Structure formats: structure tokens, C-alpha cells
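Dumped data-v3.tsv below, it's TSV, C-alpha atoms and all ligand atoms:
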chain	number	residue	atom	x	y	z
A	15	MET	CA	11.75	-31.51	44.37
A	16	LYS	CA	12.70	-31.92	40.73
A	17	ARG	CA	13.14	-28.81	38.64
A	18	LEU	CA	10.86	-27.85	35.75
A	19	SER	CA	12.16	-25.89	32.75
A	20	VAL	CA	9.60	-24.05	30.66
A	21	VAL	CA	10.67	-23.21	27.11
A	22	LEU	CA	8.93	-20.15	25.66
A	23	PRO	CA	9.57	-19.20	22.01
A	24	ALA	CA	8.88	-15.51	21.52
A	25	TYR	CA	8.64	-13.56	18.28
A	26	ASN	CA	7.42	-9.97	18.50
A	27	GLU	CA	5.74	-10.59	21.85
A	28	GLU	CA	6.75	-7.37	23.66
A	29	LEU	CA	3.18	-6.99	24.91
A	30	MET	CA	2.95	-10.50	26.33
A	31	VAL	CA	6.38	-11.83	27.35
A	32	GLY	CA	6.62	-9.89	30.62
A	33	LYS	CA	3.15	-10.86	31.69
A	34	THR	CA	3.67	-14.52	30.74
A	35	CYS	CA	6.82	-14.69	32.88
A	36	ARG	CA	5.02	-13.06	35.80
A	37	VAL	CA	1.97	-15.34	35.61
A	38	LEU	CA	4.15	-18.46	35.32
A	39	ARG	CA	6.20	-17.33	38.31
A	40	GLU	CA	3.02	-16.89	40.38
A	41	VAL	CA	1.43	-20.18	39.32
A	42	LEU	CA	4.57	-22.29	39.74
A	43	THR	CA	5.57	-20.68	43.05
A	44	GLU	CA	2.11	-21.29	44.41
A	45	ALA	CA	2.21	-24.94	43.27
A	46	GLU	CA	5.67	-25.18	44.90
A	47	ILE	CA	7.37	-26.36	41.73
A	48	PRO	CA	11.03	-25.30	41.35
A	49	TYR	CA	11.28	-23.84	37.87
A	50	GLU	CA	13.36	-22.12	35.22
A	51	LEU	CA	11.92	-20.12	32.31
A	52	VAL	CA	13.91	-20.30	29.08
A	53	VAL	CA	12.61	-17.51	26.85
A	54	VAL	CA	13.97	-17.62	23.30
A	55	ASN	CA	13.77	-14.36	21.39
A	56	ASP	CA	13.38	-15.51	17.80
A	57	GLY	CA	14.81	-12.39	16.14
A	58	SER	CA	11.96	-10.08	17.13
A	59	SER	CA	11.90	-6.66	15.55
A	60	ASP	CA	10.12	-5.06	18.51
A	61	GLY	CA	11.10	-4.65	22.17
A	62	THR	CA	10.78	-8.34	23.10
A	63	TRP	CA	14.43	-8.72	24.08
A	64	ALA	CA	14.30	-5.68	26.36
A	65	GLU	CA	11.24	-7.19	28.02
A	66	ILE	CA	13.04	-10.51	28.51
A	67	GLU	CA	16.00	-8.70	30.08
A	68	LYS	CA	13.60	-6.89	32.37
A	69	ALA	CA	11.93	-10.17	33.34
A	70	GLY	CA	15.40	-11.60	34.04
A	71	LYS	CA	16.14	-8.77	36.42
A	72	LYS	CA	12.92	-9.37	38.31
A	73	ASP	CA	13.20	-13.15	38.42
A	74	PRO	CA	16.52	-15.00	38.77
A	75	ASN	CA	14.89	-18.10	37.26
A	76	VAL	CA	14.58	-16.49	33.83
A	77	THR	CA	17.11	-17.37	31.14
A	78	GLY	CA	16.99	-15.43	27.87
A	79	VAL	CA	18.35	-16.69	24.55
A	80	HIS	CA	18.71	-14.09	21.82
A	81	PHE	CA	18.82	-15.23	18.16
A	82	SER	CA	20.77	-13.29	15.56
A	83	ARG	CA	17.63	-13.21	13.36
A	84	ASN	CA	14.23	-14.90	12.99
A	85	PHE	CA	14.76	-18.65	12.53
A	86	GLY	CA	11.17	-19.81	13.10
A	87	LYS	CA	9.33	-21.34	16.00
A	88	GLU	CA	10.70	-24.87	15.59
A	89	ALA	CA	14.28	-23.55	15.82
A	90	ALA	CA	13.37	-21.46	18.86
A	91	VAL	CA	11.85	-24.49	20.59
A	92	PHE	CA	14.93	-26.53	19.78
A	93	ALA	CA	17.27	-23.86	21.16
A	94	GLY	CA	15.17	-23.69	24.32
A	95	LEU	CA	15.34	-27.45	24.79
A	96	ALA	CA	19.12	-27.35	24.32
A	97	GLN	CA	19.45	-24.58	26.91
A	98	ALA	CA	17.03	-26.06	29.49
A	99	SER	CA	18.64	-27.70	32.49
A	100	GLY	CA	15.60	-29.08	34.35
A	101	ASP	CA	14.71	-32.70	35.06
A	102	VAL	CA	11.49	-32.20	33.17
A	103	ILE	CA	10.92	-29.71	30.36
A	104	ALA	CA	7.73	-28.08	29.10
A	105	VAL	CA	7.20	-26.12	25.89
A	106	MET	CA	4.45	-23.52	25.68
A	107	ASP	CA	3.52	-20.43	23.69
A	108	CYS	CA	4.57	-17.10	25.06
A	109	ASP	CA	1.15	-15.47	24.69
A	110	LEU	CA	-0.74	-17.25	27.52
A	111	GLN	CA	-2.93	-19.05	24.97
A	112	HIS	CA	-1.77	-22.24	26.68
A	113	PRO	CA	-3.19	-22.12	30.21
A	114	PRO	CA	-0.50	-22.15	32.96
A	115	ALA	CA	-2.82	-24.19	35.22
A	116	THR	CA	-2.52	-27.08	32.74
A	117	LEU	CA	1.25	-26.89	33.24
A	118	VAL	CA	0.79	-27.81	36.90
A	119	GLN	CA	-1.52	-30.66	35.90
A	120	MET	CA	1.15	-31.93	33.48
A	121	TYR	CA	3.83	-31.76	36.19
A	122	ARG	CA	1.69	-33.89	38.51
A	123	LEU	CA	1.27	-36.47	35.74
A	124	TRP	CA	5.04	-36.48	35.27
A	125	GLN	CA	5.43	-37.08	39.00
A	126	ASP	CA	3.07	-40.04	38.56
A	127	GLY	CA	5.57	-41.56	36.15
A	128	TYR	CA	4.52	-40.36	32.69
A	129	GLU	CA	7.44	-39.31	30.50
A	130	VAL	CA	5.73	-37.43	27.67
A	131	ILE	CA	2.58	-35.43	28.39
A	132	GLU	CA	0.92	-34.03	25.28
A	133	GLY	CA	-1.37	-31.03	25.39
A	134	VAL	CA	-4.41	-31.70	23.21
A	135	LYS	CA	-6.73	-28.87	22.17
A	136	SER	CA	-10.26	-29.53	23.37
A	137	ASP	CA	-11.42	-26.41	21.64
A	138	ARG	CA	-9.53	-24.74	18.83
A	139	GLY	CA	-10.48	-21.28	20.04
A	140	LYS	CA	-11.69	-18.65	17.63
A	141	GLU	CA	-10.49	-20.32	14.42
A	142	GLY	CA	-12.66	-20.04	11.31
A	143	ALA	CA	-14.47	-23.02	9.76
A	144	VAL	CA	-12.07	-23.23	6.78
A	145	HIS	CA	-9.06	-23.12	9.12
A	146	LYS	CA	-10.54	-25.93	11.25
A	147	LYS	CA	-11.25	-28.10	8.16
A	148	CYS	CA	-7.72	-27.54	6.81
A	149	ALA	CA	-6.23	-28.42	10.21
A	150	GLU	CA	-8.35	-31.59	10.28
A	151	PHE	CA	-7.14	-32.58	6.80
A	152	PHE	CA	-3.49	-31.87	7.64
A	153	TYR	CA	-3.55	-33.77	10.95
A	154	GLY	CA	-5.43	-36.61	9.23
A	155	ILE	CA	-2.48	-37.07	6.84
A	156	MET	CA	0.03	-36.71	9.67
A	157	THR	CA	-1.84	-39.26	11.82
A	158	LYS	CA	-1.82	-41.79	8.96
A	159	ALA	CA	1.84	-41.19	8.24
A	160	THR	CA	3.17	-41.18	11.80
A	161	LYS	CA	0.74	-43.80	13.17
A	162	VAL	CA	0.35	-41.47	16.13
A	163	ASN	CA	-2.97	-39.76	16.79
A	164	MET	CA	-2.24	-36.15	15.88
A	165	LYS	CA	-5.82	-34.89	16.00
A	166	ASP	CA	-5.88	-31.49	17.74
A	167	ALA	CA	-2.16	-31.79	18.55
A	168	SER	CA	-0.37	-28.70	19.82
A	169	ASP	CA	3.14	-27.59	20.74
A	170	PHE	CA	2.13	-27.44	24.38
A	171	LYS	CA	3.74	-30.41	26.08
A	172	MET	CA	5.93	-31.64	28.92
A	173	MET	CA	8.73	-34.15	28.52
A	174	ASP	CA	11.09	-36.01	30.76
A	175	ARG	CA	14.81	-35.27	30.36
A	176	LYS	CA	15.24	-38.67	28.64
A	177	ALA	CA	12.74	-37.76	25.90
A	178	VAL	CA	14.28	-34.30	25.44
A	179	ASP	CA	17.78	-35.78	25.14
A	180	SER	CA	16.59	-38.14	22.43
A	181	ILE	CA	15.00	-35.25	20.51
A	182	LEU	CA	18.19	-33.22	20.86
A	183	SER	CA	20.23	-36.11	19.47
A	184	MET	CA	18.32	-36.04	16.17
A	185	PRO	CA	20.44	-34.54	13.41
A	186	GLU	CA	17.73	-33.33	11.04
A	187	ARG	CA	17.18	-29.62	10.42
A	188	ASN	CA	13.57	-29.87	9.28
A	189	MET	CA	12.10	-30.84	12.60
A	190	PHE	CA	8.35	-31.01	13.18
A	191	PHE	CA	8.31	-30.79	16.96
A	192	ARG	CA	4.62	-31.64	17.35
A	193	ALA	CA	5.10	-35.07	15.78
A	194	THR	CA	8.67	-35.70	16.95
A	195	SER	CA	7.67	-35.66	20.61
A	196	SER	CA	5.29	-38.58	19.92
A	197	TRP	CA	7.71	-40.29	17.57
A	198	VAL	CA	10.35	-40.76	20.29
A	199	GLY	CA	7.91	-42.93	22.25
A	200	PHE	CA	8.23	-43.26	26.07
A	201	LYS	CA	5.34	-43.55	28.48
A	202	THR	CA	2.86	-41.05	27.07
A	203	THR	CA	-0.40	-39.52	28.15
A	204	SER	CA	-2.34	-36.45	27.15
A	205	VAL	CA	-4.12	-33.56	28.81
A	206	ARG	CA	-6.95	-31.62	27.23
A	207	PHE	CA	-6.83	-27.84	27.40
A	208	GLU	CA	-8.82	-24.98	26.01
A	209	VAL	CA	-6.94	-22.57	23.76
A	210	GLN	CA	-7.30	-19.16	25.38
A	211	GLU	CA	-7.88	-15.94	23.51
A	212	ARG	CA	-4.74	-13.95	22.71
A	213	GLU	CA	-4.77	-10.95	25.04
A	214	ALA	CA	-2.42	-8.73	23.13
A	215	GLY	CA	-0.25	-8.78	20.03
A	216	VAL	CA	-1.11	-10.64	16.82
A	217	SER	CA	-0.86	-14.21	15.58
A	218	LYS	CA	2.27	-14.74	13.45
A	219	TRP	CA	0.44	-17.06	11.09
A	220	SER	CA	-1.13	-15.94	7.84
A	221	PRO	CA	-3.21	-18.44	5.83
A	222	TRP	CA	-0.40	-18.74	3.29
A	223	SER	CA	2.25	-19.39	5.96
A	224	LEU	CA	0.02	-22.13	7.41
A	225	VAL	CA	-0.22	-23.84	4.01
A	226	LYS	CA	3.58	-23.64	3.66
A	227	TYR	CA	3.99	-24.94	7.22
A	228	ALA	CA	1.67	-27.89	6.51
A	229	PHE	CA	3.42	-28.80	3.26
A	230	THR	CA	6.93	-28.48	4.73
A	231	ASN	CA	6.01	-30.74	7.62
A	232	ILE	CA	4.30	-33.33	5.46
A	233	VAL	CA	7.51	-33.48	3.40
A	234	ALA	CA	9.69	-33.50	6.53
A	235	PHE	CA	7.83	-36.37	8.13
A	236	THR	CA	6.26	-38.43	5.36
A	237	THR	CA	6.53	-39.66	1.79
A	238	VAL	CA	2.79	-39.17	1.15
A	239	PRO	CA	3.33	-36.67	-1.72
A	240	LEU	CA	5.62	-39.14	-3.49
A	241	GLN	CA	2.99	-41.88	-3.14
A	242	PHE	CA	0.51	-39.38	-4.53
A	243	VAL	CA	2.76	-38.88	-7.59
A	244	THR	CA	3.11	-42.64	-8.10
A	245	VAL	CA	-0.61	-43.31	-7.77
A	246	GLY	CA	-1.40	-40.32	-10.03
A	247	GLY	CA	1.02	-41.71	-12.64
A	248	LEU	CA	-0.64	-45.11	-12.41
A	249	ILE	CA	-4.11	-43.64	-12.90
A	250	CYS	CA	-2.87	-41.64	-15.91
A	251	PHE	CA	-1.36	-44.81	-17.35
A	252	LEU	CA	-4.61	-46.79	-16.95
A	253	CYS	CA	-6.61	-44.00	-18.56
A	254	SER	CA	-4.23	-43.80	-21.50
A	255	LEU	CA	-4.41	-47.57	-21.91
A	256	ALA	CA	-8.20	-47.40	-22.16
A	257	LEU	CA	-7.98	-44.47	-24.58
A	258	MET	CA	-5.43	-46.34	-26.67
A	259	ILE	CA	-7.62	-49.43	-26.98
A	260	TYR	CA	-10.61	-47.27	-27.84
A	261	SER	CA	-8.68	-45.36	-30.51
A	262	LEU	CA	-7.32	-48.57	-32.06
A	263	VAL	CA	-10.75	-50.17	-32.19
A	264	GLN	CA	-12.11	-47.04	-33.83
A	265	TYR	CA	-9.18	-46.96	-36.29
A	266	PHE	CA	-9.58	-50.59	-37.44
A	267	GLY	CA	-13.33	-50.13	-37.65
A	268	GLY	CA	-12.59	-47.46	-40.22
A	269	ARG	CA	-13.77	-44.63	-37.96
A	270	ALA	CA	-10.52	-42.86	-37.18
A	271	VAL	CA	-10.94	-40.49	-34.22
A	272	GLU	CA	-10.75	-36.75	-34.88
A	273	GLY	CA	-7.30	-35.96	-33.66
A	274	TYR	CA	-6.56	-32.38	-32.76
A	275	THR	CA	-8.67	-31.64	-29.65
A	276	THR	CA	-8.03	-35.02	-28.02
A	277	LEU	CA	-4.33	-34.74	-28.71
A	278	LEU	CA	-4.15	-31.24	-27.29
A	279	LEU	CA	-6.04	-32.14	-24.13
A	280	VAL	CA	-4.01	-35.28	-23.46
A	281	LEU	CA	-0.77	-33.42	-24.07
A	282	LEU	CA	-1.73	-30.61	-21.71
A	283	LEU	CA	-2.92	-33.02	-19.04
A	284	ILE	CA	0.18	-35.20	-19.13
A	285	GLY	CA	2.42	-32.13	-19.34
A	286	SER	CA	0.96	-30.58	-16.19
A	287	ALA	CA	0.96	-33.90	-14.32
A	288	VAL	CA	4.67	-34.28	-15.12
A	289	MET	CA	5.38	-30.70	-14.00
A	290	ILE	CA	3.56	-31.16	-10.70
A	291	SER	CA	5.34	-34.46	-10.04
A	292	LEU	CA	8.69	-32.88	-10.82
A	293	GLY	CA	7.84	-30.03	-8.45
A	294	ILE	CA	7.08	-32.44	-5.62
A	295	ILE	CA	10.22	-34.47	-6.23
A	296	GLY	CA	12.18	-31.21	-6.52
A	297	TYR	CA	10.88	-30.13	-3.13
A	298	TYR	CA	12.23	-33.30	-1.55
A	299	ILE	CA	15.57	-32.73	-3.27
A	300	ALA	CA	15.66	-29.15	-1.98
A	301	LYS	CA	15.07	-30.44	1.55
A	302	ILE	CA	17.83	-33.04	1.13
A	303	TYR	CA	20.11	-30.25	-0.08
A	304	GLU	CA	19.28	-28.21	3.03
A	305	GLU	CA	20.06	-31.18	5.24
A	306	VAL	CA	23.40	-32.04	3.61
A	307	LYS	CA	24.59	-28.44	3.86
A	308	HIS	CA	24.49	-29.07	7.58
A	309	ARG	CA	24.06	-25.47	8.58
A	310	PRO	CA	23.20	-24.76	12.19
A	311	ARG	CA	19.49	-24.66	12.99
A	312	TYR	CA	19.88	-21.24	14.58
A	313	ILE	CA	22.53	-18.74	15.62
A	314	VAL	CA	22.57	-17.40	19.17
A	315	SER	CA	23.91	-13.92	19.63
A	316	LYS	CA	23.49	-13.63	23.40
A	317	ILE	CA	22.35	-15.57	26.46
A	318	ILE	CA	21.42	-14.00	29.77
A	319	HIS	CA	20.82	-15.73	33.07
A	320	GLY	CA	18.48	-13.99	35.46
A	321	SER	CA	20.57	-14.99	38.43
A	322	GLU	CA	23.70	-13.33	37.07
A	323	GLU	CA	21.85	-10.11	36.45
A	324	ASP	CA	20.44	-10.41	39.91
A	325	LEU	CA	23.92	-10.72	41.44
A	326	GLU	CA	25.14	-7.71	39.47
A	327	ARG	CA	22.23	-5.72	40.76
A	328	ARG	CA	23.11	-6.57	44.35
A	329	LYS	CA	26.79	-5.49	43.98
B	401	LIG	N1	6.83	-17.79	17.33
B	401	LIG	C1	8.22	-17.85	17.20
B	401	LIG	N2	8.78	-17.64	15.97
B	401	LIG	C2	8.03	-17.39	14.85
B	401	LIG	C3	6.61	-17.36	15.00
B	401	LIG	C4	6.06	-17.57	16.23
B	401	LIG	O1	8.92	-18.07	18.19
B	401	LIG	O2	8.61	-17.21	13.78
B	401	LIG	C5	6.21	-18.00	18.67
B	401	LIG	C6	5.27	-16.90	19.14
B	401	LIG	O3	5.96	-15.85	19.76
B	401	LIG	C7	4.36	-17.64	20.11
B	401	LIG	C8	4.28	-19.02	19.48
B	401	LIG	O4	5.40	-19.15	18.60
B	401	LIG	O5	4.93	-17.75	21.40
B	401	LIG	C9	2.98	-19.24	18.74
B	401	LIG	O6	2.79	-18.22	17.80
B	401	LIG	P1	1.39	-17.50	17.57
B	401	LIG	O7	0.77	-17.15	18.89
B	401	LIG	O8	1.60	-16.39	16.61
B	401	LIG	O9	0.57	-18.66	16.88
B	401	LIG	P2	-0.97	-19.05	17.10
B	401	LIG	O10	-1.18	-19.15	18.61
B	401	LIG	O11	-1.76	-17.95	16.50
B	401	LIG	O12	-1.11	-20.36	16.42
B	402	MG	MG	-0.71	-17.83	20.01
Do you think you could lay out the structure here as C-alpha cells?
Ligand code: UDP
Ligand code: MG
Amino acid sequence: MKRLSVVLPAYNEELMVGKTCRVLREVLTEAEIPYELVVVNDGSSDGTWAEIEKAGKKDPNVTGVHFSRNFGKEAAVFAGLAQASGDVIAVMDCDLQHPPATLVQMYRLWQDGYEVIEGVKSDRGKEGAVHKKCAEFFYGIMTKATKVNMKDASDFKMMDRKAVDSILSMPERNMFFRATSSWVGFKTTSVRFEVQEREAGVSKWSPWSLVKYAFTNIVAFTTVPLQFVTVGGLICFLCSLALMIYSLVQYFGGRAVEGYTTLLLVLLLIGSAVMISLGIIGYYIAKIYEEVKHRPRYIVSKIIHGSEEDLERRK
């Protein structure tokens, strides 16, 4: 039997991480799937690491990766992929919002020859109407830009070693894992799953952090904002052309236009359009700057292997 690695990013999940490891152990043992759990502690400020160590002592198949600080979920996923040694690798949240039973379903599809199995949300859980609309808008842009259907995409997925190796070989720091897994190609299918309620702990996403997340990923994956600037500039230009012709006609007809208000409005409008455009271009430059600095995506302070702990315990 081929081995499955499950990557679990965890940030302040002391209430859930132990339970998640236990449930996964039960489900995967029952399905007779050899497994390894790679739990990445993304600089939690609570007792998450202690819980991971505890889980490692109970289950030799648990590997814990401890970050030196919080680097964000994408970095944690990346570190988990780099650490995973299985023939097939799954990524799922550490709060049991992604149902473990779907994991087994994904593994069977992989056995049938699929190389990338995407988890697609059939129900977005208890998200508000505004949140759902924003998500729809964001994934609409991403779908257009990546030419991959991103509607209801999630970070819950399973990938063959080949796909994971190609993701690991990508040099960019600003990685949008959700889209990258589709971008690499391979024989792909999807599985629908229902987002479960979070049993304990809190979501790490505030509305503002979601907006930032959306914008960062649009910039990381597409040039849509730059096209927006260009088209905006073009529209401004056409409007000013019309206004120019109108003003000239008025002028030569001896009815010179009253100047001050028009002038002020046009100046303000153009001024703010230029500022916004500069901001967008600046954002791209900032991202380029981050990439050329070539800093590591994350810093690992410690790795534990459940098996080693287990051996120590038996001494
Ligand atoms: N997470 C992480 N680093 C962060 C934020 C979140 O590793 O900086 C993990 C978190 O522990 C969880 C997953 O990413 O396993 C999804 O986070 P959360 O449940 O807060 O998001 P939601 O399900 O509300 O979208
Ligand atoms: Mg969650």
C-alpha cells in the first residue's frame, strides 16, 4: 500500500489539534491507509506545540514542524509539503472543518489514477451573505485569470508526489496554493464536501484580513489590476477628449465655459485616478522587491518525529 501524508497547518489550534490527529488516525486506520500526519505549528501563541508533541507521543506517524514565528497559512502548507514523505499528499485544515471521510474518498480516486483531487465546497457553511458575495466576486476574477474553475475552491486537496514536487520547485514567495495546485495541471478531478462547523477555537480570518488576502492573491496570480488601470486611463482620456471638443465649440461660439468648478472637479478626479494607479503599480513593485530579496518563506525552529519520541519512551 502506498503511503498518504496529510499536511495540517495549525495556528492557535490547541483546542483542536489533538482531536484532529486522533480522528484522522481512527479514520485512516479503519480504511487501512498507511499514513503520516505533518502538523505545522505556524508560530502559535497558545499551547498548540505542546499538543502536537503530545500527539506525537501517542502516534508514531505524527511529525511536528515548529516555526520560529507566524508566517501565514500558505507558508505552513508549503513547509508541510516539503516535509511530507508520502507517495500521495493531502492538505487539510486542522479544525476538522474538512471532513476526514472525504480524505478516504480522495485516496480512492488517487488509486484510480487521478493525480490532483480538488476539494470543492458544496456548501460554504455558516458564512454571511456579504462574505459569500465577496468570495464569489474574488473567485470570479481568479477563474478568469487562471482559466481554471475556482468557484468554491478550497485548500482541501490531495496530490500525487509528482504534482507536489512541481509545486515545491516553484521559486516564488507569494504563493496562492489554491490556484497553484490547478495551475500545475496533471490528471485532475474534484470531490464535493460540506464545510463542517468549527467545534472549538476561532476562525483566524477577520473581514479586513480576507480583503488583504484576496488582493494579495490577485496581484500574485494575475495582472487584472494593471489592466484595470490601463482601461481606467483610457476611459478618462476619452472623457477628456469629449470635454475638450465641447469646451472648444463653446469657446468659438463665443460662450466660454465657466471655468472654476469644472477645472477643480477634473483636477481632483484625474489626481485621484493617478494616485490609485500609482498605488496599484507600487503594490506590484513591492511584491517584486519581496521576491528579489529572496528571503526564505519560513524559518523552522524544531522538527519532531513521532517515531523517535516513541522509541525514547520505550528506552
Ligand atoms: N492557519 C495557519 N496560519 C495562519 C492562519 C490560519 O496555519 O496564520 C491555519 C489554521 O490553524 C487552520 C487553517 O489554517 O488549520 C484554516 O484557518 P481557519 O480555520 O481560521 O480559517 P476558516 O476555516 O475560518 O476559513
Ligand atoms: Mg477553519
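Across A:Met15, A:Met30, A:Leu283, A:Val21, the tightest approach to A:Ala45 is made by A:Met15 when counting all atoms listed in the file.
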Expected selection as a PDB file with C-alpha atoms, keeping the file's coordinate frame for ligand LIG 401 (chain B) within 6 Å, only C-alpha atoms and all ligand atoms:
ATOM      1  CA  PRO A  23       9.570 -19.200  22.010  1.00  0.00           C
ATOM      2  CA  ALA A  24       8.880 -15.510  21.520  1.00  0.00           C
ATOM      3  CA  TYR A  25       8.640 -13.560  18.280  1.00  0.00           C
ATOM      4  CA  GLU A  27       5.740 -10.590  21.850  1.00  0.00           C
ATOM      5  CA  ASP A  56      13.380 -15.510  17.800  1.00  0.00           C
ATOM      6  CA  GLY A  86      11.170 -19.810  13.100  1.00  0.00           C
ATOM      7  CA  LYS A  87       9.330 -21.340  16.000  1.00  0.00           C
ATOM      8  CA  ALA A  90      13.370 -21.460  18.860  1.00  0.00           C
ATOM      9  CA  ASP A 107       3.520 -20.430  23.690  1.00  0.00           C
ATOM     10  CA  CYS A 108       4.570 -17.100  25.060  1.00  0.00           C
ATOM     11  CA  ASP A 109       1.150 -15.470  24.690  1.00  0.00           C
ATOM     12  CA  SER A 217      -0.860 -14.210  15.580  1.00  0.00           C
ATOM     13  CA  LYS A 218       2.270 -14.740  13.450  1.00  0.00           C
ATOM     14  CA  TRP A 219       0.440 -17.060  11.090  1.00  0.00           C
TER      15      TRP A 219
END
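Nearest residue to A:Ile155, choosing from A:Phe251, A:Tyr274, A:Tyr121, A:Phe242 and counting all atoms listed in the file: A:Phe242.
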Residue contacts of stretch 178-185 of chain A (10 Å, all atoms listed in the file) excluding same-chain residues fewer than 5 positions away, as a list in words:
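Listing them by chain and then by number gives Phe92, Ala93, Leu95, Ala96, Ala98, Asp101, Val102, Ile103, Ala104, Glu129, Val130, Met172, Met173, Phe191, Thr194, Ser195, Trp197, Val198, Gly199, Glu305, His308 and Arg311 of chain A.
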For the selection you just gave me, I'd like the residues written to a file as a tab-separated table (two decimals), in the coordinates of the input, keeping C-alpha atoms.
chain	number	residue	atom	x	y	z
A	92	PHE	CA	14.93	-26.53	19.78
A	93	ALA	CA	17.27	-23.86	21.16
A	95	LEU	CA	15.34	-27.45	24.79
A	96	ALA	CA	19.12	-27.35	24.32
A	98	ALA	CA	17.03	-26.06	29.49
A	101	ASP	CA	14.71	-32.70	35.06
A	102	VAL	CA	11.49	-32.20	33.17
A	103	ILE	CA	10.92	-29.71	30.36
A	104	ALA	CA	7.73	-28.08	29.10
A	129	GLU	CA	7.44	-39.31	30.50
A	130	VAL	CA	5.73	-37.43	27.67
A	172	MET	CA	5.93	-31.64	28.92
A	173	MET	CA	8.73	-34.15	28.52
A	191	PHE	CA	8.31	-30.79	16.96
A	194	THR	CA	8.67	-35.70	16.95
A	195	SER	CA	7.67	-35.66	20.61
A	197	TRP	CA	7.71	-40.29	17.57
A	198	VAL	CA	10.35	-40.76	20.29
A	199	GLY	CA	7.91	-42.93	22.25
A	305	GLU	CA	20.06	-31.18	5.24
A	308	HIS	CA	24.49	-29.07	7.58
A	311	ARG	CA	19.49	-24.66	12.99
Quote the spacing between atom CA of A:Thr237 and atom CA of A:Lys158 in Å to one decimal place.
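Straight-line distance from atom CA of A:Thr237 to atom CA of A:Lys158 works out to 11.2 Å.
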